[in-house]
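Source file: final-v7.cif. Holds: mmCIF, C-alpha atoms.
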data_structure
loop_
_atom_site.group_PDB
_atom_site.id
_atom_site.type_symbol
_atom_site.label_atom_id
_atom_site.label_comp_id
_atom_site.auth_asym_id
_atom_site.auth_seq_id
_atom_site.Cartn_x
_atom_site.Cartn_y
_atom_site.Cartn_z
ATOM 1 C CA MET G 1 22.071 -2.410 -6.430
ATOM 2 C CA PRO G 2 24.604 0.089 -4.988
ATOM 3 C CA GLY G 3 27.710 0.497 -7.102
ATOM 4 C CA VAL G 4 26.136 -1.102 -10.180
ATOM 5 C CA GLU G 5 25.819 1.004 -13.296
ATOM 6 C CA SER G 6 22.362 2.102 -14.305
ATOM 7 C CA GLY G 7 20.563 0.105 -16.946
ATOM 8 C CA ALA G 8 17.229 -1.407 -17.800
ATOM 9 C CA GLU G 9 18.109 -5.090 -17.847
ATOM 10 C CA PHE G 10 16.711 -7.281 -15.092
ATOM 11 C CA GLY G 11 18.421 -10.457 -13.934
ATOM 12 C CA ALA G 12 17.493 -13.235 -11.539
ATOM 13 C CA GLY G 13 13.740 -12.918 -11.640
ATOM 14 C CA PHE G 14 10.691 -13.231 -9.446
ATOM 15 C CA GLY G 15 8.725 -15.393 -11.859
ATOM 16 C CA ASN G 16 4.998 -14.769 -11.878
ATOM 17 C CA SER G 17 4.902 -14.117 -8.142
ATOM 18 C CA THR G 18 4.707 -10.957 -6.087
ATOM 19 C CA TRP G 19 7.282 -11.031 -3.299
ATOM 20 C CA LEU G 20 6.745 -9.444 0.114
ATOM 21 C CA GLU G 21 9.377 -9.307 2.828
ATOM 22 C CA ALA G 22 8.929 -7.841 6.292
ATOM 23 C CA ALA G 23 11.695 -5.641 7.701
ATOM 24 C CA PRO G 24 12.137 -3.814 11.021
ATOM 25 C CA ASN G 25 10.874 -0.478 9.656
ATOM 26 C CA GLY G 26 8.375 -1.655 7.045
ATOM 27 C CA TRP G 27 7.910 -4.194 4.305
ATOM 28 C CA TRP G 28 9.371 -4.701 0.846
ATOM 29 C CA TYR G 29 7.402 -5.464 -2.306
ATOM 30 C CA ALA G 30 8.920 -6.824 -5.521
ATOM 31 C CA ALA G 31 7.550 -8.123 -8.803
ATOM 32 C CA GLU G 32 8.772 -8.666 -12.314
ATOM 33 C CA VAL G 33 7.273 -6.436 -14.994
ATOM 34 C CA PRO G 34 7.447 -6.609 -18.819
ATOM 35 C CA GLY G 35 10.739 -5.798 -20.481
ATOM 36 C CA ARG G 36 12.931 -7.931 -18.216
ATOM 37 C CA ALA G 37 12.514 -5.351 -15.467
ATOM 38 C CA ALA G 38 11.327 -5.368 -11.875
ATOM 39 C CA VAL G 39 9.579 -2.957 -9.583
ATOM 40 C CA VAL G 40 10.663 -2.861 -5.945
ATOM 41 C CA ALA G 41 9.097 -0.746 -3.209
ATOM 42 C CA LEU G 42 9.514 -0.187 0.509
ATOM 43 C CA GLY G 43 6.393 0.528 2.536
ATOM 44 C CA THR G 44 7.340 2.545 5.611
ATOM 45 C CA ASP G 45 6.477 5.746 7.466
ATOM 46 C CA PRO G 46 7.818 9.194 6.434
ATOM 47 C CA LYS G 47 9.573 9.755 9.785
ATOM 48 C CA LEU G 48 11.225 6.331 9.621
ATOM 49 C CA ALA G 49 12.255 6.911 6.013
ATOM 50 C CA LYS G 50 13.992 10.141 6.972
ATOM 51 C CA ALA G 51 15.559 8.677 10.106
ATOM 52 C CA GLY G 52 16.885 5.697 8.164
ATOM 53 C CA GLY G 53 17.888 7.746 5.142
ATOM 54 C CA VAL G 54 15.827 5.582 2.772
ATOM 55 C CA TYR G 55 14.222 8.630 1.191
ATOM 56 C CA LYS G 56 17.487 8.902 -0.807
ATOM 57 C CA VAL G 57 18.053 6.439 -3.622
ATOM 58 C CA HIS G 58 21.443 5.060 -2.559
ATOM 59 C CA SER G 59 20.391 4.604 1.076
ATOM 60 C CA TRP G 60 17.212 2.913 -0.134
ATOM 61 C CA ALA G 61 19.278 0.614 -2.360
ATOM 62 C CA ALA G 62 21.614 -0.191 0.531
ATOM 63 C CA ALA G 63 18.607 -1.147 2.674
ATOM 64 C CA LEU G 64 17.294 -3.283 -0.176
ATOM 65 C CA SER G 65 20.627 -5.080 -0.437
ATOM 66 C CA GLY G 66 20.124 -6.250 3.167
ATOM 67 C CA THR G 67 16.891 -8.110 2.439
ATOM 68 C CA ALA G 68 17.046 -11.887 2.755
ATOM 69 C CA LEU G 69 14.545 -12.902 0.071
ATOM 70 C CA ILE G 70 14.397 -10.082 -2.455
ATOM 71 C CA ALA G 71 18.044 -8.983 -2.808
ATOM 72 C CA PRO G 72 19.313 -12.428 -3.943
ATOM 73 C CA ARG G 73 16.865 -12.301 -6.847
ATOM 74 C CA LEU G 74 18.301 -8.966 -7.948
ATOM 75 C CA LYS G 75 21.931 -10.049 -8.278
ATOM 76 C CA GLN G 76 21.888 -9.509 -12.035
ATOM 77 C CA ALA G 77 19.753 -6.373 -11.865
ATOM 78 C CA ARG G 78 20.935 -2.839 -12.403
ATOM 79 C CA LEU G 79 19.321 0.034 -10.553
ATOM 80 C CA LEU G 80 17.777 2.919 -12.479
ATOM 81 C CA PRO G 81 18.147 5.904 -10.106
ATOM 82 C CA VAL G 82 15.900 8.040 -12.344
ATOM 83 C CA SER G 83 13.015 5.657 -11.590
ATOM 84 C CA PHE G 84 13.212 6.249 -7.832
ATOM 85 C CA ARG G 85 10.027 7.818 -6.450
ATOM 86 C CA ILE G 86 8.539 8.605 -3.050
ATOM 87 C CA THR G 87 4.777 8.651 -2.700
ATOM 88 C CA ALA G 88 2.199 8.562 0.073
ATOM 89 C CA SER G 89 0.088 5.450 0.411
ATOM 90 C CA TYR G 90 -2.195 5.129 3.396
ATOM 91 C CA SER G 91 -5.623 3.894 4.373
ATOM 92 C CA TYR G 92 -8.523 6.299 4.260
ATOM 93 C CA ARG G 93 -12.258 6.391 3.732
ATOM 94 C CA ALA G 94 -14.088 9.295 2.144
ATOM 95 C CA ALA G 95 -16.441 11.028 4.563
ATOM 96 C CA ARG G 96 -19.089 10.879 1.798
ATOM 97 C CA VAL G 97 -19.201 8.354 -1.031
ATOM 98 C CA VAL G 98 -22.513 9.432 -2.569
ATOM 99 C CA GLY G 99 -23.871 12.831 -3.454
ATOM 100 C CA GLU G 100 -26.178 14.504 -5.906
ATOM 101 C CA ASN G 101 -25.448 12.926 -9.290
ATOM 102 C CA TRP G 102 -22.204 11.261 -8.210
ATOM 103 C CA LEU G 103 -20.761 8.141 -6.559
ATOM 104 C CA ALA G 104 -17.171 7.648 -5.400
ATOM 105 C CA VAL G 105 -15.620 4.436 -6.736
ATOM 106 C CA GLY G 106 -12.343 2.642 -6.006
ATOM 107 C CA ASP G 107 -9.718 4.733 -4.220
ATOM 108 C CA ALA G 108 -12.009 7.758 -4.474
ATOM 109 C CA ALA G 109 -14.274 5.974 -1.960
ATOM 110 C CA CYS G 110 -11.595 4.382 0.206
ATOM 111 C CA ALA G 111 -8.022 3.199 -0.084
ATOM 112 C CA PHE G 112 -6.477 0.108 1.440
ATOM 113 C CA ASP G 113 -2.933 -0.557 2.601
ATOM 114 C CA PRO G 114 -0.993 -1.821 -0.451
ATOM 115 C CA LEU G 115 -0.065 -4.875 1.621
ATOM 116 C CA SER G 116 -3.672 -6.019 1.219
ATOM 117 C CA SER G 117 -3.140 -6.406 -2.555
ATOM 118 C CA ALA G 118 -6.807 -5.518 -3.008
ATOM 119 C CA GLY G 119 -6.720 -2.205 -4.869
ATOM 120 C CA ILE G 120 -7.504 -3.355 -8.413
ATOM 121 C CA TYR G 121 -10.026 -5.951 -7.294
ATOM 122 C CA LYS G 122 -11.728 -3.410 -5.020
ATOM 123 C CA ALA G 123 -11.960 -0.843 -7.816
ATOM 124 C CA LEU G 124 -13.555 -3.358 -10.205
ATOM 125 C CA VAL G 125 -16.066 -4.593 -7.625
ATOM 126 C CA ASN G 126 -16.898 -1.009 -6.588
ATOM 127 C CA GLY G 127 -17.476 -0.160 -10.238
ATOM 128 C CA GLN G 128 -19.960 -3.018 -10.621
ATOM 129 C CA GLU G 129 -21.726 -2.091 -7.385
ATOM 130 C CA ALA G 130 -21.839 1.586 -8.383
ATOM 131 C CA ALA G 131 -23.412 0.678 -11.737
ATOM 132 C CA ARG G 132 -26.099 -1.348 -9.962
ATOM 133 C CA ALA G 133 -26.672 1.474 -7.469
ATOM 134 C CA ILE G 134 -27.146 3.958 -10.309
ATOM 135 C CA CYS G 135 -29.460 1.681 -12.307
ATOM 136 C CA ASP G 136 -31.517 0.487 -9.327
ATOM 137 C CA GLY G 137 -31.428 3.667 -7.260
ATOM 138 C CA TYR G 138 -29.785 2.055 -4.216
ATOM 139 C CA ARG G 139 -27.279 4.808 -3.549
ATOM 140 C CA GLU G 140 -27.467 4.635 0.252
ATOM 141 C CA ALA G 141 -27.056 0.854 0.144
ATOM 142 C CA TYR G 142 -23.921 1.427 -1.939
ATOM 143 C CA ALA G 143 -22.571 3.890 0.634
ATOM 144 C CA ASN G 144 -23.296 1.435 3.441
ATOM 145 C CA ARG G 145 -21.500 -1.323 1.540
ATOM 146 C CA ILE G 146 -18.397 0.836 1.064
ATOM 147 C CA HIS G 147 -18.292 1.665 4.778
ATOM 148 C CA GLN G 148 -18.915 -1.972 5.759
ATOM 149 C CA ASP G 149 -16.158 -3.211 3.423
ATOM 150 C CA TYR G 150 -13.772 -0.657 4.890
ATOM 151 C CA GLU G 151 -14.506 -1.754 8.460
ATOM 152 C CA THR G 152 -13.925 -5.389 7.434
ATOM 153 C CA TYR G 153 -10.659 -4.351 5.797
ATOM 154 C CA LEU G 154 -9.455 -2.651 9.015
ATOM 155 C CA ILE G 155 -10.008 -5.893 10.934
ATOM 156 C CA LYS G 156 -8.168 -7.954 8.312
ATOM 157 C CA ARG G 157 -5.334 -5.432 8.150
ATOM 158 C CA ALA G 158 -4.894 -5.631 11.927
ATOM 159 C CA GLU G 159 -4.765 -9.439 11.724
ATOM 160 C CA LEU G 160 -2.206 -9.269 8.922
ATOM 161 C CA TYR G 161 0.097 -6.934 10.825
ATOM 162 C CA GLN G 162 -0.379 -8.906 14.061
ATOM 163 C CA ALA G 163 1.071 -11.962 12.310
ATOM 164 C CA GLU G 164 4.527 -10.294 12.246
ATOM 165 C CA GLN G 165 5.993 -10.489 15.748
ATOM 166 C CA ARG G 166 9.763 -10.232 15.164
ATOM 167 C CA TRP G 167 9.956 -6.469 15.672
ATOM 168 C CA ALA G 168 7.562 -5.810 18.553
ATOM 169 C CA LYS G 169 9.476 -2.676 19.572
ATOM 170 C CA SER G 170 9.595 -1.168 16.085
ATOM 171 C CA ALA G 171 7.470 1.984 15.764
ATOM 172 C CA PHE G 172 6.264 0.871 12.326
ATOM 173 C CA TRP G 173 4.914 -2.485 13.512
ATOM 174 C CA ALA G 174 3.739 -1.237 16.922
ATOM 175 C CA GLN G 175 1.487 1.380 15.309
ATOM 176 C CA ARG G 176 -0.104 -1.201 13.055
ATOM 177 C CA GLN G 177 -0.475 -3.779 15.783
ATOM 178 C CA GLY G 178 -2.413 -1.488 18.089
ATOM 179 C CA ARG G 179 0.402 -0.840 20.561
ATOM 180 C CA ALA G 180 0.614 2.850 19.662
ATOM 181 C CA GLN G 181 -1.980 5.558 19.380
ATOM 182 C CA GLY G 182 -2.525 7.842 16.421
ATOM 183 C CA GLU G 183 -3.676 7.988 12.843
ATOM 184 C CA ALA G 184 -1.408 5.195 11.615
ATOM 185 C CA GLN G 185 -3.182 2.765 13.941
ATOM 186 C CA GLY G 186 -6.593 3.237 12.363
ATOM 187 C CA HIS G 187 -7.667 5.279 9.407
ATOM 188 C CA ARG G 188 -8.564 8.708 8.150
ATOM 189 C CA SER G 189 -11.911 9.916 6.946
ATOM 190 C CA VAL G 190 -11.410 12.546 4.291
ATOM 191 C CA SER G 191 -13.807 15.135 2.929
ATOM 192 C CA PRO G 192 -14.541 15.533 -0.797
ATOM 193 C CA LYS G 193 -12.438 18.727 -0.751
ATOM 194 C CA GLU G 194 -9.458 16.835 0.687
ATOM 195 C CA MET G 195 -9.826 14.096 -1.933
ATOM 196 C CA SER G 196 -8.491 16.428 -4.625
ATOM 197 C CA THR G 197 -5.254 16.865 -2.667
ATOM 198 C CA LEU G 198 -4.748 13.097 -2.406
ATOM 199 C CA ALA G 199 -4.763 12.486 -6.165
#
Can you give me the file's structure in the form of structure tokens?
Amino acid sequence: MPGVESGAEFGAGFGNSTWLEAAPNGWWYAAEVPGRAAVVALGTDPKLAKAGGVYKVHSWAAALSGTALIAPRLKQARLLPVSFRITASYSYRAARVVGENWLAVGDAACAFDPLSSAGIYKALVNGQEAARAICDGYREAYANRIHQDYETYLIKRAELYQAEQRWAKSAFWAQRQGRAQGEAQGHRSVSPKEMSTLA
């Protein structure tokens, strides 16, 4: 937290649970990890991060200290500024998921909003389906399944974001609740060439 010396020791604890907390300009994620440590992240948009200053570690920490559920569990924690990172994380679907002698699996095929908590599960299931597609020769069926799963995900994501109604005028929530136009409302389809730039 702001003003606390850096260190690795983690205090209050989140137990075995993953904690999510909605905020006006995004949502917070927190979980305990081995070594009496915790990982905490803020999911927001780049423009909102810059406008709110949360792309800088101390401003991010100040915003974290204002959370109602997560901050109280970090009272004994000490922030490690060197661990602060900014990374892109958005929904997309590859324009092609099968080709000659290859199949895209996991996030190479499509990526879900981290709020869905489906990334690892999706990668494992895709791996099993890809193995069957290779062995049985059902490559197009595999591609159709990836696209169908992604369309189902978009519906579920919309329902998830619609459930949060406290900040109806917030750009972050409006985009995800269908009250604003643009890429953030839906998804991107990316070409195989673009995929290399997303890694």
Name the closest residue to G:Tyr29 among the candidates G:Tyr153, G:Tyr55, G:Trp167, G:Phe14; distances are taken between atoms, counting only C-alpha atoms. G:Phe14
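This file gives the following result for the PyMOL selection byres ((chain G and resi 101) around 12): Val97, Val98, Gly99, Glu100, Trp102, Leu103, Ala104, Ala130, Ala133, Ile134, Gly137 and Arg139 of chain G.
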Please enumerate the residues selected by the PyMOL selection byres ((chain G and resi 109) around 8) when evaluated against the supplied file, formatted as a PDB file with C-alpha atoms, in the frame of the given file.
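Resulting contents of part-v1.pdb:
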ATOM      1  CA  ARG G  93     -12.258   6.391   3.732  1.00  0.00           C
ATOM      2  CA  ALA G  94     -14.088   9.295   2.144  1.00  0.00           C
ATOM      3  CA  ARG G  96     -19.089  10.879   1.798  1.00  0.00           C
ATOM      4  CA  VAL G  97     -19.201   8.354  -1.031  1.00  0.00           C
ATOM      5  CA  ALA G 104     -17.171   7.648  -5.400  1.00  0.00           C
ATOM      6  CA  VAL G 105     -15.620   4.436  -6.736  1.00  0.00           C
ATOM      7  CA  GLY G 106     -12.343   2.642  -6.006  1.00  0.00           C
ATOM      8  CA  ASP G 107      -9.718   4.733  -4.220  1.00  0.00           C
ATOM      9  CA  ALA G 108     -12.009   7.758  -4.474  1.00  0.00           C
ATOM     10  CA  CYS G 110     -11.595   4.382   0.206  1.00  0.00           C
ATOM     11  CA  ALA G 111      -8.022   3.199  -0.084  1.00  0.00           C
ATOM     12  CA  ILE G 146     -18.397   0.836   1.064  1.00  0.00           C
TER      13      ILE G 146
END
Applied to this file, what does the PyMOL selection byres ((chain G and resi 28) around 8) return in terms of residues, put as a PyMOL selection string? chain G and resi 19-23+26-27+29-30+40-43
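In this structure, atom CA of G:Leu48 sits 27.8 Å away from atom CA of G:Thr152.
Taking atom CA of G:Asn126 and atom CA of G:Asp149 as the two end points, the separation is 10.3 Å.
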What lies within 9 Å of stretch 159-164 of chain G using only C-alpha atoms, ignoring chain neighbours under 3 positions off, as a count of residues only? 12
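Distance-wise, atom CA of G:Ala88 and atom CA of G:Ser59 end up 18.6 Å apart.
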